[in-house]
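Engineer: Okay, so here is start03.csv, and as you'll see once you scroll down, it has CSV, C-alpha atoms and all ligand atoms.
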chain,number,residue,atom,x,y,z
A,1,MET,CA,31.1,-32.4,-23.2
A,2,THR,CA,29.1,-33.2,-20.0
A,3,ARG,CA,29.6,-30.9,-17.1
A,4,ASN,CA,29.8,-32.3,-13.6
A,5,ARG,CA,26.7,-31.7,-11.6
A,6,ILE,CA,26.9,-29.8,-8.3
A,7,ARG,CA,26.4,-32.2,-5.5
A,8,ILE,CA,24.4,-30.3,-2.9
A,9,ALA,CA,23.2,-31.0,0.6
A,10,LEU,CA,20.1,-29.4,2.1
A,11,VAL,CA,20.4,-28.5,5.8
A,12,GLY,CA,17.1,-28.1,7.6
A,13,LEU,CA,14.2,-30.0,6.2
A,14,GLY,CA,11.4,-27.7,7.2
A,15,LYS,CA,8.6,-25.8,5.4
A,16,ILE,CA,10.7,-23.9,2.9
A,17,ALA,CA,13.0,-26.8,2.1
A,18,ARG,CA,10.0,-29.1,1.3
A,19,ASP,CA,7.8,-26.4,-0.4
A,20,GLN,CA,10.5,-24.8,-2.6
A,21,HIS,CA,14.1,-26.1,-2.4
A,22,LEU,CA,13.3,-29.8,-3.1
A,23,PRO,CA,11.1,-29.0,-6.2
A,24,ALA,CA,13.6,-26.4,-7.5
A,25,LEU,CA,16.5,-28.9,-7.2
A,26,ALA,CA,14.5,-31.7,-8.8
A,27,GLY,CA,13.8,-29.3,-11.8
A,28,ASP,CA,17.5,-28.3,-12.4
A,29,ASN,CA,19.8,-30.9,-13.8
A,30,ARG,CA,22.9,-29.0,-12.9
A,31,PHE,CA,22.3,-30.2,-9.3
A,32,GLU,CA,22.3,-33.5,-7.6
A,33,LEU,CA,20.7,-33.7,-4.2
A,34,ALA,CA,23.5,-35.7,-2.4
A,35,ALA,CA,22.4,-35.4,1.3
A,36,ILE,CA,19.9,-34.2,3.8
A,37,VAL,CA,20.9,-32.8,7.2
A,38,SER,CA,18.0,-32.8,9.5
A,39,ARG,CA,17.5,-33.7,13.2
A,40,ASN,CA,14.0,-35.0,12.6
A,41,ALA,CA,13.4,-36.0,9.0
A,42,ASP,CA,14.9,-37.8,6.1
A,43,LEU,CA,14.1,-38.5,2.5
A,44,ASP,CA,13.9,-41.9,0.7
A,45,GLY,CA,17.0,-42.6,-1.3
A,46,VAL,CA,19.1,-39.6,-0.1
A,47,ALA,CA,21.9,-39.9,2.4
A,48,HIS,CA,20.7,-38.6,5.8
A,49,PHE,CA,22.7,-37.0,8.7
A,50,THR,CA,21.4,-35.4,11.8
A,51,ALA,CA,24.3,-32.9,12.0
A,52,LEU,CA,26.4,-31.2,9.3
A,53,GLU,CA,29.6,-32.2,11.2
A,54,ASP,CA,28.7,-35.8,10.5
A,55,LEU,CA,28.0,-35.3,6.8
A,56,LEU,CA,31.4,-33.4,6.4
A,57,ALA,CA,33.2,-36.2,8.2
A,58,SER,CA,31.5,-38.9,6.1
A,59,ASP,CA,32.5,-40.4,2.7
A,60,VAL,CA,29.5,-38.7,1.1
A,61,SER,CA,31.0,-36.2,-1.3
A,62,ILE,CA,29.4,-32.8,-1.7
A,63,ASP,CA,30.3,-29.6,-3.4
A,64,ALA,CA,27.8,-27.2,-1.8
A,65,VAL,CA,25.3,-26.8,1.0
A,66,SER,CA,22.0,-24.9,1.0
A,67,LEU,CA,21.1,-23.7,4.4
A,68,CYS,CA,17.3,-23.8,5.0
A,69,THR,CA,17.3,-23.5,8.8
A,70,PRO,CA,16.1,-20.4,10.7
A,71,PRO,CA,18.6,-17.6,10.8
A,72,GLN,CA,20.0,-18.2,14.4
A,73,PRO,CA,22.1,-21.2,13.6
A,74,ARG,CA,23.0,-20.1,10.1
A,75,HIS,CA,26.5,-18.6,10.7
A,76,ARG,CA,27.8,-21.6,12.6
A,77,LEU,CA,26.7,-24.0,9.8
A,78,ALA,CA,27.8,-21.8,7.0
A,79,HIS,CA,31.2,-21.2,8.5
A,80,MET,CA,31.6,-25.0,9.0
A,81,ALA,CA,30.8,-25.6,5.4
A,82,LEU,CA,33.1,-23.0,4.0
A,83,ALA,CA,35.9,-24.2,6.2
A,84,ALA,CA,35.4,-27.7,4.7
A,85,GLY,CA,35.7,-26.2,1.2
A,86,LYS,CA,32.0,-26.2,0.3
A,87,HIS,CA,30.0,-23.5,-1.6
A,88,VAL,CA,27.1,-22.1,0.4
A,89,MET,CA,23.6,-20.8,-0.4
A,90,LEU,CA,22.0,-18.9,2.5
A,91,GLU,CA,18.2,-18.8,2.9
A,92,LYS,CA,16.9,-15.3,3.8
A,93,PRO,CA,17.7,-13.6,6.0
A,94,PRO,CA,21.4,-14.5,5.5
A,95,GLY,CA,22.2,-14.4,9.1
A,96,ALA,CA,21.2,-13.3,12.6
A,97,THR,CA,23.5,-10.3,12.5
A,98,LEU,CA,25.3,-8.2,9.8
A,99,SER,CA,28.7,-8.9,11.3
A,100,GLU,CA,28.4,-12.7,10.9
A,101,VAL,CA,27.4,-12.3,7.2
A,102,GLU,CA,30.5,-10.1,6.7
A,103,ASP,CA,32.6,-12.9,8.3
A,104,LEU,CA,31.2,-15.4,5.9
A,105,ARG,CA,31.8,-13.1,2.9
A,106,LEU,CA,35.5,-12.7,3.9
A,107,THR,CA,35.8,-16.4,4.6
A,108,ALA,CA,34.3,-17.4,1.2
A,109,ALA,CA,36.5,-14.9,-0.6
A,110,ALA,CA,39.7,-16.1,1.1
A,111,ARG,CA,38.9,-19.7,0.1
A,112,GLY,CA,37.7,-19.0,-3.4
A,113,LEU,CA,34.3,-20.4,-2.7
A,114,THR,CA,30.8,-19.2,-3.7
A,115,LEU,CA,28.6,-17.6,-1.1
A,116,GLN,CA,25.1,-16.5,-2.1
A,117,THR,CA,22.7,-14.5,0.0
A,118,THR,CA,19.3,-15.4,-1.5
A,119,TRP,CA,16.4,-13.0,-1.6
A,120,HIS,CA,13.7,-15.1,-3.3
A,121,SER,CA,11.2,-12.3,-3.7
A,122,ARG,CA,13.6,-10.5,-6.0
A,123,HIS,CA,12.9,-13.4,-8.5
A,124,ALA,CA,9.2,-12.7,-8.5
A,125,PRO,CA,8.2,-12.0,-12.1
A,126,GLY,CA,7.1,-8.4,-11.6
A,127,VAL,CA,10.2,-7.2,-9.9
A,128,GLU,CA,12.6,-6.8,-12.9
A,129,PRO,CA,10.0,-5.1,-15.1
A,130,ALA,CA,9.2,-2.8,-12.2
A,131,ARG,CA,12.8,-1.9,-11.8
A,132,VAL,CA,13.2,-1.1,-15.5
A,133,TRP,CA,9.9,0.9,-15.6
A,134,LEU,CA,11.0,3.0,-12.5
A,135,ALA,CA,14.5,3.6,-13.6
A,136,ASP,CA,13.8,6.9,-15.5
A,137,ARG,CA,10.6,7.9,-13.7
A,138,THR,CA,10.1,10.6,-11.1
A,139,ILE,CA,9.0,8.8,-7.9
A,140,GLN,CA,6.8,10.8,-5.5
A,141,ALA,CA,6.0,8.2,-2.8
A,142,VAL,CA,6.3,4.5,-1.9
A,143,ARG,CA,3.9,2.5,0.3
A,144,ILE,CA,4.5,-1.0,1.4
A,145,ALA,CA,1.7,-3.1,3.0
A,146,TRP,CA,3.0,-6.6,4.0
A,147,LYS,CA,0.2,-8.1,6.1
A,148,GLU,CA,-0.3,-11.8,6.8
A,149,ASP,CA,-1.7,-14.1,9.4
A,150,VAL,CA,1.2,-15.7,11.3
A,151,ARG,CA,-1.1,-18.5,12.5
A,152,VAL,CA,-1.7,-19.5,8.9
A,153,TRP,CA,1.8,-19.1,7.4
A,154,HIS,CA,4.1,-19.9,10.3
A,155,PRO,CA,2.4,-22.5,12.5
A,156,GLY,CA,4.7,-23.9,15.2
A,157,GLN,CA,7.7,-21.8,14.2
A,158,ASP,CA,8.7,-20.8,17.7
A,159,TRP,CA,12.1,-19.6,16.4
A,160,ILE,CA,10.4,-16.7,14.7
A,161,TRP,CA,9.6,-15.2,18.1
A,162,GLU,CA,13.0,-15.7,19.6
A,163,ALA,CA,15.8,-13.1,19.5
A,164,GLY,CA,17.2,-13.2,16.0
A,165,GLY,CA,14.0,-14.7,14.6
A,166,LEU,CA,12.9,-11.3,13.3
A,167,GLY,CA,9.2,-11.7,14.1
A,168,VAL,CA,7.1,-9.8,11.5
A,169,PHE,CA,10.3,-8.8,9.7
A,170,ASP,CA,10.7,-12.4,8.6
A,171,PRO,CA,8.1,-11.8,5.8
A,172,GLY,CA,8.7,-8.0,5.9
A,173,ILE,CA,12.3,-8.4,4.8
A,174,ASN,CA,11.0,-9.8,1.6
A,175,ALA,CA,9.3,-6.5,0.8
A,176,LEU,CA,12.6,-4.7,1.7
A,177,SER,CA,14.4,-7.1,-0.6
A,178,ILE,CA,12.2,-5.9,-3.5
A,179,VAL,CA,12.3,-2.2,-2.8
A,180,THR,CA,16.1,-2.3,-2.4
A,181,ARG,CA,16.2,-3.8,-5.9
A,182,ILE,CA,13.7,-1.7,-7.8
A,183,LEU,CA,14.1,1.8,-6.3
A,184,PRO,CA,16.7,3.8,-8.2
A,185,ARG,CA,18.2,5.5,-5.1
A,186,PRO,CA,19.3,4.4,-1.6
A,187,PHE,CA,17.0,5.1,1.2
A,188,PHE,CA,17.2,5.1,5.0
A,189,LEU,CA,15.0,4.8,8.1
A,190,THR,CA,13.9,7.9,9.9
A,191,GLN,CA,11.6,6.4,12.5
A,192,ALA,CA,9.9,3.1,13.4
A,193,VAL,CA,7.5,1.6,15.9
A,194,LEU,CA,7.8,-2.0,16.8
A,195,HIS,CA,5.0,-3.8,18.6
A,196,VAL,CA,6.4,-6.6,20.7
A,197,PRO,CA,4.1,-9.1,22.4
A,198,GLU,CA,4.7,-9.1,26.2
A,199,ASN,CA,5.6,-12.8,26.1
A,200,ARG,CA,7.9,-12.7,23.0
A,201,GLN,CA,11.2,-11.2,21.9
A,202,SER,CA,10.3,-10.2,18.3
A,203,PRO,CA,7.8,-7.7,16.9
A,204,ILE,CA,4.4,-8.8,15.7
A,205,GLN,CA,3.6,-5.5,13.9
A,206,ALA,CA,5.8,-2.7,12.7
A,207,GLU,CA,5.4,0.7,11.1
A,208,LEU,CA,8.4,2.2,9.4
A,209,ASP,CA,9.2,5.5,7.8
A,210,PHE,CA,12.1,5.9,5.4
A,211,VAL,CA,13.2,8.7,3.1
A,212,ASP,CA,15.3,8.3,0.0
A,213,ALA,CA,18.4,10.4,-1.0
A,214,VAL,CA,16.2,13.1,-2.6
A,215,GLY,CA,13.5,13.2,0.1
A,216,VAL,CA,10.9,10.7,-1.4
A,217,PRO,CA,8.9,9.3,1.5
A,218,ILE,CA,8.7,5.5,1.8
A,219,THR,CA,6.3,4.0,4.4
A,220,ALA,CA,6.0,0.3,5.4
A,221,GLU,CA,3.4,-1.5,7.4
A,222,PHE,CA,4.2,-5.0,8.5
A,223,ASP,CA,1.5,-7.0,10.3
A,224,PHE,CA,1.4,-10.6,11.5
A,225,LEU,CA,-2.2,-10.4,12.7
A,226,GLN,CA,-3.9,-9.9,9.4
A,227,THR,CA,-7.0,-12.0,9.0
A,228,GLY,CA,-9.2,-12.1,5.9
A,229,PRO,CA,-7.5,-10.9,2.7
A,230,GLN,CA,-3.7,-11.0,3.0
A,231,SER,CA,-1.5,-8.3,1.4
A,232,TRP,CA,2.0,-8.4,0.1
A,233,ASP,CA,1.8,-5.1,-1.9
A,234,ILE,CA,4.0,-2.3,-2.9
A,235,GLU,CA,2.6,0.9,-4.4
A,236,ILE,CA,4.9,3.5,-6.0
A,237,GLU,CA,3.4,6.8,-7.1
A,238,THR,CA,5.2,8.5,-10.0
A,239,THR,CA,4.5,11.5,-12.2
A,240,ASP,CA,3.7,8.9,-14.9
A,241,GLY,CA,1.2,7.0,-12.8
A,242,LEU,CA,0.9,4.4,-10.0
A,243,LEU,CA,3.0,1.3,-10.2
A,244,LYS,CA,1.8,-1.6,-8.0
A,245,LEU,CA,3.4,-4.9,-7.3
A,246,SER,CA,0.9,-7.2,-5.6
A,247,HIS,CA,1.0,-10.8,-4.4
A,248,GLY,CA,4.6,-10.5,-3.4
A,249,GLY,CA,5.7,-9.3,-6.8
A,250,SER,CA,3.9,-11.9,-8.9
A,251,LYS,CA,1.5,-9.3,-10.4
A,252,LEU,CA,2.5,-5.9,-11.8
A,253,TRP,CA,-0.1,-3.2,-12.3
A,254,ILE,CA,0.2,0.3,-13.8
A,255,ASP,CA,-2.6,2.7,-13.1
A,256,GLY,CA,-4.9,-0.2,-12.3
A,257,ALA,CA,-4.2,-2.2,-15.4
A,258,LEU,CA,-2.6,-5.6,-15.0
A,259,ILE,CA,0.6,-5.5,-17.0
A,260,LEU,CA,2.2,-8.8,-16.0
A,261,GLU,CA,1.3,-12.0,-14.2
A,262,ALA,CA,3.4,-15.1,-14.3
A,263,PRO,CA,3.7,-18.4,-12.4
A,264,ASP,CA,6.0,-18.6,-9.4
A,265,ALA,CA,9.6,-19.5,-10.4
A,266,GLU,CA,11.4,-17.7,-7.5
A,267,TYR,CA,13.4,-20.7,-6.3
A,268,ALA,CA,14.2,-21.9,-9.9
A,269,GLY,CA,15.7,-18.4,-10.3
A,270,LEU,CA,17.7,-18.7,-7.1
A,271,TYR,CA,19.2,-22.1,-8.0
A,272,ASP,CA,19.9,-20.9,-11.6
A,273,ALA,CA,21.8,-17.9,-10.1
A,274,PHE,CA,23.7,-20.2,-7.7
A,275,ALA,CA,24.8,-22.6,-10.4
A,276,GLN,CA,26.1,-19.6,-12.4
A,277,LEU,CA,28.0,-18.2,-9.4
A,278,VAL,CA,29.6,-21.6,-8.8
A,279,GLU,CA,30.6,-22.0,-12.4
A,280,GLY,CA,31.9,-18.5,-12.5
A,281,HIS,CA,33.8,-18.8,-9.2
A,282,ALA,CA,31.9,-15.8,-7.9
A,283,SER,CA,29.8,-14.8,-4.9
A,284,ASP,CA,26.7,-12.6,-4.5
A,285,VAL,CA,26.5,-11.1,-1.0
A,286,ASP,CA,24.0,-8.4,-0.5
A,287,VAL,CA,22.9,-7.5,3.0
A,288,SER,CA,20.9,-4.3,2.2
A,289,PRO,CA,17.5,-5.7,3.3
A,290,LEU,CA,18.9,-7.1,6.5
A,291,ARG,CA,20.6,-3.7,7.1
A,292,HIS,CA,17.2,-2.0,7.1
A,293,VAL,CA,15.9,-4.5,9.6
A,294,ALA,CA,18.9,-3.9,11.8
A,295,ASP,CA,18.3,-0.2,11.6
A,296,ALA,CA,14.7,-0.7,12.6
A,297,PHE,CA,15.8,-2.6,15.7
A,298,LEU,CA,18.4,0.2,16.4
A,299,LEU,CA,16.1,3.1,16.0
A,300,GLY,CA,12.6,1.7,16.5
A,301,ARG,CA,10.5,2.7,19.5
A,302,ARG,CA,9.2,-0.4,21.3
A,303,VAL,CA,5.5,-0.7,22.2
A,304,VAL,CA,4.4,-3.6,24.4
A,305,ALA,CA,1.6,-5.6,22.6
A,306,PRO,CA,-0.8,-8.2,24.0
A,307,ALA,CA,0.7,-11.6,24.6
A,308,PHE,CA,0.8,-13.8,21.5
A,309,VAL,CA,-0.5,-17.3,22.0
A,310,GLU,CA,-0.7,-19.5,18.9
B,401,LIG,P1,10.7,-24.3,9.6
B,401,LIG,O1,9.6,-24.9,8.9
B,401,LIG,O2,10.7,-24.1,11.1
B,401,LIG,O3,12.0,-25.2,9.2
B,401,LIG,C1,13.3,-24.9,9.6
B,401,LIG,C2,14.0,-26.2,9.8
B,401,LIG,O4,15.4,-25.9,10.2
B,401,LIG,C3,13.5,-27.0,10.9
B,401,LIG,O5,12.6,-28.0,10.4
B,401,LIG,C4,14.7,-27.7,11.5
B,401,LIG,O6,14.7,-28.9,10.8
B,401,LIG,C5,15.9,-26.9,11.1
B,401,LIG,N1,16.7,-26.3,12.2
B,401,LIG,C6,18.0,-26.4,12.3
B,401,LIG,N2,18.4,-25.7,13.4
B,401,LIG,C7,17.3,-25.2,13.9
B,401,LIG,C8,17.1,-24.4,15.1
B,401,LIG,N3,18.1,-24.0,15.9
B,401,LIG,N4,15.8,-24.1,15.4
B,401,LIG,C9,14.8,-24.5,14.6
B,401,LIG,N5,15.0,-25.2,13.5
B,401,LIG,C10,16.2,-25.6,13.2
B,401,LIG,O7,11.1,-22.9,9.0
B,401,LIG,P2,11.0,-22.5,7.4
B,401,LIG,O8,9.7,-21.8,7.2
B,401,LIG,O9,11.4,-23.6,6.5
B,401,LIG,O10,12.0,-21.3,7.4
B,401,LIG,C11,13.4,-21.5,7.4
B,401,LIG,C12,14.1,-20.3,6.7
B,401,LIG,O11,13.6,-20.2,5.4
B,401,LIG,C13,13.9,-19.0,7.5
B,401,LIG,O12,15.0,-18.3,7.5
B,401,LIG,C14,12.8,-18.4,6.7
B,401,LIG,O13,12.8,-16.9,6.7
B,401,LIG,C15,13.1,-18.8,5.3
B,401,LIG,N6,11.9,-18.8,4.4
B,401,LIG,C16,10.8,-19.4,4.8
B,401,LIG,C17,9.6,-19.3,3.9
B,401,LIG,C18,8.3,-19.9,4.2
B,401,LIG,O14,7.4,-19.7,3.5
B,401,LIG,N7,8.2,-20.7,5.3
B,401,LIG,C19,9.8,-18.6,2.7
B,401,LIG,C20,11.0,-18.1,2.3
B,401,LIG,C21,12.1,-18.2,3.2
B,401,LIG,P3,15.3,-30.2,11.2
B,401,LIG,O15,14.3,-30.8,12.1
B,401,LIG,O16,15.2,-30.8,9.8
B,401,LIG,O17,16.6,-30.1,11.8
In structure tokens, what does this structure look like?
Structural biologist:
Amino acid sequence: MTRNRIRIALVGLGKIARDQHLPALAGDNRFELAAIVSRNADLDGVAHFTALEDLLASDVSIDAVSLCTPPQPRHRLAHMALAAGKHVMLEKPPGATLSEVEDLRLTAAARGLTLQTTWHSRHAPGVEPARVWLADRTIQAVRIAWKEDVRVWHPGQDWIWEAGGLGVFDPGINALSIVTRILPRPFFLTQAVLHVPENRQSPIQAELDFVDAVGVPITAEFDFLQTGPQSWDIEIETTDGLLKLSHGGSKLWIDGALILEAPDAEYAGLYDAFAQLVEGHASDVDVSPLRHVADAFLLGRRVVAPAFVE
């Protein structure tokens, strides 16, 4: 028996859509790329619309949309797709606010549609083995260092500096998506410092202190001004040794020995999960990384930083 493929539309044809979504879809025969929605770009051989409204009003049939825009327009687009009976995959962060993601969760549930909040870093190869290794260990301290050069990784992405664009939390939320998956207990913010350039709305650097339910300290340094070696590292001290996830979770080290390294398959993992959710008439909505970011914006002390000019 041949199963129907999921006819999917990509909305927003920017960096992540081209780098990751298109190859992942091309490599998964459960999906058929049925349309592109982009104000500025199209793809040979694929139906193209400049607005989601126009796609939904057309005779191009789709089952699902994958939203690859920045977070600010995400809720409007997702709500429109759900209202039209389409399953929805949300890039990270799943929205600009927690409330709007809750609205989407309720809307999808009421209509029996799939909604997926994706956290691609959780599909990095070291993450699940780290979670298993940590599950029955005594954790003493956690240190996160997520430091990258915004000029290299986010050229021209003005939305990142606008309200709702998250600034340095745009990559930092990936670290939070990993620790919310691998640590065995909930944790919460105790203090934060947010460095906001005088000409921007979002932080360029942040220092965060958390504590978990039994008092384990968790610190995070997010930096958008890192030049030279970049770091996307998480170190977890335990009574059985130091676990380190480096390169965004693609390498796992224990006490300095490389235990695991595997090629990137994060987006293949996301689309595999999405296909299973659609087939199982289920949703996966987890806002815990975004909740920590919201807490930082609630509790964090603002420091004015020098103007950022790209
Ligand atoms: P990007 O290169 O700026 O692309 C975003 C695309 O969204 C734009 O090309 C634009 O495409 C479309 N868009 C629709 N409404 C928009 C609006 N109001 N403002 C700006 N663009 C709008 O950004 P990106 O790096 O692909 O990031 C998109 C999302 O993916 C973000 O939430 C980001 O956190 C996430 N993400 C990015 C990366 C990465 O490495 N870059 C990695 C993982 C996740 P059209 O011209 O096609 O309409």
Engineer: For the atom pair atom N5 of ligand LIG 401 (chain B) and atom CA of A:Trp232, what is the interatomic distance in Å to one decimal place?
Structural biologist: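 A separation of 25.1 Å between them.
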Engineer: With only C-alpha atoms and all ligand atoms counted, collect every polymer residue having an atom within 8 Å of ligand LIG 401 (chain B); state the result as a ChimeraX atom specification.
Structural biologist: /A:11-19,37-42,50,68-74,91-94,120,153-154,156-159,170-171
Engineer: Find the spatial neighbours of stretch 177-192 of chain A, counting only C-alpha atoms, within a cut-off of 7 Å - ignore same-chain residues fewer than 4 positions away - and output them as a PDB file with C-alpha atoms, in the frame of the given file.
Structural biologist:
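Contents of out.pdb, as written:
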ATOM      1  CA  TRP A 119      16.400 -13.000  -1.600  1.00  0.00           C
ATOM      2  CA  SER A 121      11.200 -12.300  -3.700  1.00  0.00           C
ATOM      3  CA  ARG A 122      13.600 -10.500  -6.000  1.00  0.00           C
ATOM      4  CA  VAL A 127      10.200  -7.200  -9.900  1.00  0.00           C
ATOM      5  CA  ALA A 130       9.200  -2.800 -12.200  1.00  0.00           C
ATOM      6  CA  ARG A 131      12.800  -1.900 -11.800  1.00  0.00           C
ATOM      7  CA  ALA A 135      14.500   3.600 -13.600  1.00  0.00           C
ATOM      8  CA  ILE A 173      12.300  -8.400   4.800  1.00  0.00           C
ATOM      9  CA  GLU A 207       5.400   0.700  11.100  1.00  0.00           C
ATOM     10  CA  LEU A 208       8.400   2.200   9.400  1.00  0.00           C
ATOM     11  CA  ASP A 209       9.200   5.500   7.800  1.00  0.00           C
ATOM     12  CA  PHE A 210      12.100   5.900   5.400  1.00  0.00           C
ATOM     13  CA  VAL A 211      13.200   8.700   3.100  1.00  0.00           C
ATOM     14  CA  ASP A 212      15.300   8.300   0.000  1.00  0.00           C
ATOM     15  CA  ALA A 213      18.400  10.400  -1.000  1.00  0.00           C
ATOM     16  CA  SER A 288      20.900  -4.300   2.200  1.00  0.00           C
ATOM     17  CA  PRO A 289      17.500  -5.700   3.300  1.00  0.00           C
ATOM     18  CA  ASP A 295      18.300  -0.200  11.600  1.00  0.00           C
ATOM     19  CA  ALA A 296      14.700  -0.700  12.600  1.00  0.00           C
ATOM     20  CA  LEU A 299      16.100   3.100  16.000  1.00  0.00           C
ATOM     21  CA  GLY A 300      12.600   1.700  16.500  1.00  0.00           C
ATOM     22  CA  ARG A 301      10.500   2.700  19.500  1.00  0.00           C
TER      23      ARG A 301
END
Engineer: Determine the nearest neighbour of A:Arg30 from the options A:Leu90, A:Val287, A:Ile6, A:Ala51, counting all atoms listed in the file.
Structural biologist: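 Smallest distance to A:Arg30 is found for A:Ile6.
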Engineer: Find the residues around stretch 219-225 of chain A up to 9 Å (all atoms listed in the file counted), leave out those fewer than 5 positions away in its own chain, and share them as a list in words.
Structural biologist: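 Here the qualifying residues turn out to be Ala141, Val142, Arg143, Ile144, Ala145, Trp146, Lys147, Glu148, Asp149, Val150, Arg151, Gly167, Val168, Phe169, Pro171, Gly172, Ala175, Pro203, Ile204, Gln205, Ala206, Glu207, Leu208, Asp209, Phe210, Val211 and Ile234 of chain A.
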Engineer: Between atom CA of A:Pro129 and atom CA of A:Gly95, measure the distance and give it in Å to one decimal.
Structural biologist: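 Atom-to-atom, atom CA of A:Pro129 to atom CA of A:Gly95, that is 28.7 Å.
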Engineer: Nearest to A:Ser246: which of A:Val132, A:Ala124, A:Val278, A:Ala273 is it, counting all atoms listed in the file?
Structural biologist: A:Ala124
Engineer: Using only C-alpha atoms, which of A:Thr97, A:Leu194, A:Ala282, A:Leu245 sits nearest A:Arg111?
Structural biologist: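 Closest to A:Arg111, using only C-alpha atoms: A:Ala282.
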Engineer: Excluding A:Leu82 and residues on its chain fewer than 4 positions from it, collect all residues at most 12 Å away from it, counting all atoms listed in the file, and give them as an mmCIF file with C-alpha atoms, in the coordinates of the input.
Structural biologist:
data_model
loop_
_atom_site.group_PDB
_atom_site.id
_atom_site.type_symbol
_atom_site.label_atom_id
_atom_site.label_comp_id
_atom_site.auth_asym_id
_atom_site.auth_seq_id
_atom_site.Cartn_x
_atom_site.Cartn_y
_atom_site.Cartn_z
ATOM 1 C CA LEU A 52 26.400 -31.200 9.300
ATOM 2 C CA LEU A 56 31.400 -33.400 6.400
ATOM 3 C CA ILE A 62 29.400 -32.800 -1.700
ATOM 4 C CA ASP A 63 30.300 -29.600 -3.400
ATOM 5 C CA ALA A 64 27.800 -27.200 -1.800
ATOM 6 C CA VAL A 65 25.300 -26.800 1.000
ATOM 7 C CA SER A 66 22.000 -24.900 1.000
ATOM 8 C CA HIS A 75 26.500 -18.600 10.700
ATOM 9 C CA ARG A 76 27.800 -21.600 12.600
ATOM 10 C CA LEU A 77 26.700 -24.000 9.800
ATOM 11 C CA ALA A 78 27.800 -21.800 7.000
ATOM 12 C CA LYS A 86 32.000 -26.200 0.300
ATOM 13 C CA HIS A 87 30.000 -23.500 -1.600
ATOM 14 C CA VAL A 88 27.100 -22.100 0.400
ATOM 15 C CA MET A 89 23.600 -20.800 -0.400
ATOM 16 C CA LEU A 90 22.000 -18.900 2.500
ATOM 17 C CA ASP A 103 32.600 -12.900 8.300
ATOM 18 C CA LEU A 104 31.200 -15.400 5.900
ATOM 19 C CA ARG A 105 31.800 -13.100 2.900
ATOM 20 C CA LEU A 106 35.500 -12.700 3.900
ATOM 21 C CA THR A 107 35.800 -16.400 4.600
ATOM 22 C CA ALA A 108 34.300 -17.400 1.200
ATOM 23 C CA ALA A 109 36.500 -14.900 -0.600
ATOM 24 C CA ALA A 110 39.700 -16.100 1.100
ATOM 25 C CA ARG A 111 38.900 -19.700 0.100
ATOM 26 C CA GLY A 112 37.700 -19.000 -3.400
ATOM 27 C CA LEU A 113 34.300 -20.400 -2.700
ATOM 28 C CA THR A 114 30.800 -19.200 -3.700
ATOM 29 C CA LEU A 115 28.600 -17.600 -1.100
ATOM 30 C CA GLN A 116 25.100 -16.500 -2.100
#
Engineer: If you count all atoms listed in the file, which residues fall within 10 Å of A:Thr238, apart from same-chain ones fewer than 5 positions away, as a count of residues only?
Structural biologist: 8
Engineer: Closest to A:Gly248 among A:Ser58, A:Ser231, A:Gln20, A:Gln201, using all atoms listed in the file?
Structural biologist: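 Looking only at the distances to A:Gly248, the closest residue turns out to be A:Ser231.
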Engineer: When distances are computed from only C-alpha atoms, which of A:Gly85, A:Gly228, A:Gly241, A:Gly27 shows the smallest separation from A:Trp133?
Structural biologist: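 Checking each of A:Gly85, A:Gly228, A:Gly241, A:Gly27 against A:Trp133, counting only C-alpha atoms, the winner is A:Gly241.
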Engineer: If you measure from atom CA of A:Val46 to atom CA of A:Leu270, what distance in Å do you get, rounded to one decimal?
Structural biologist: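 Pair atom CA of A:Val46 / atom CA of A:Leu270 returns 22.1 Å.
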Engineer: Which is closest to A:Leu258 among A:Asn174, A:Gly126, A:Asp28, A:Thr118, if we use only C-alpha atoms?
Structural biologist: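 Ranking A:Asn174, A:Gly126, A:Asp28, A:Thr118 by distance to A:Leu258, first place goes to A:Gly126.
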Engineer: With a distance cut-off of 9 Å and all atoms listed in the file, select the neighbouring residues of A:Tyr271, excluding the residue or stretch itself and same-chain residues fewer than 2 positions from it, and output the selection as a PyMOL selection string.
Structural biologist: chain A and resi 21+24-25+28+31+89+266-269+273-276
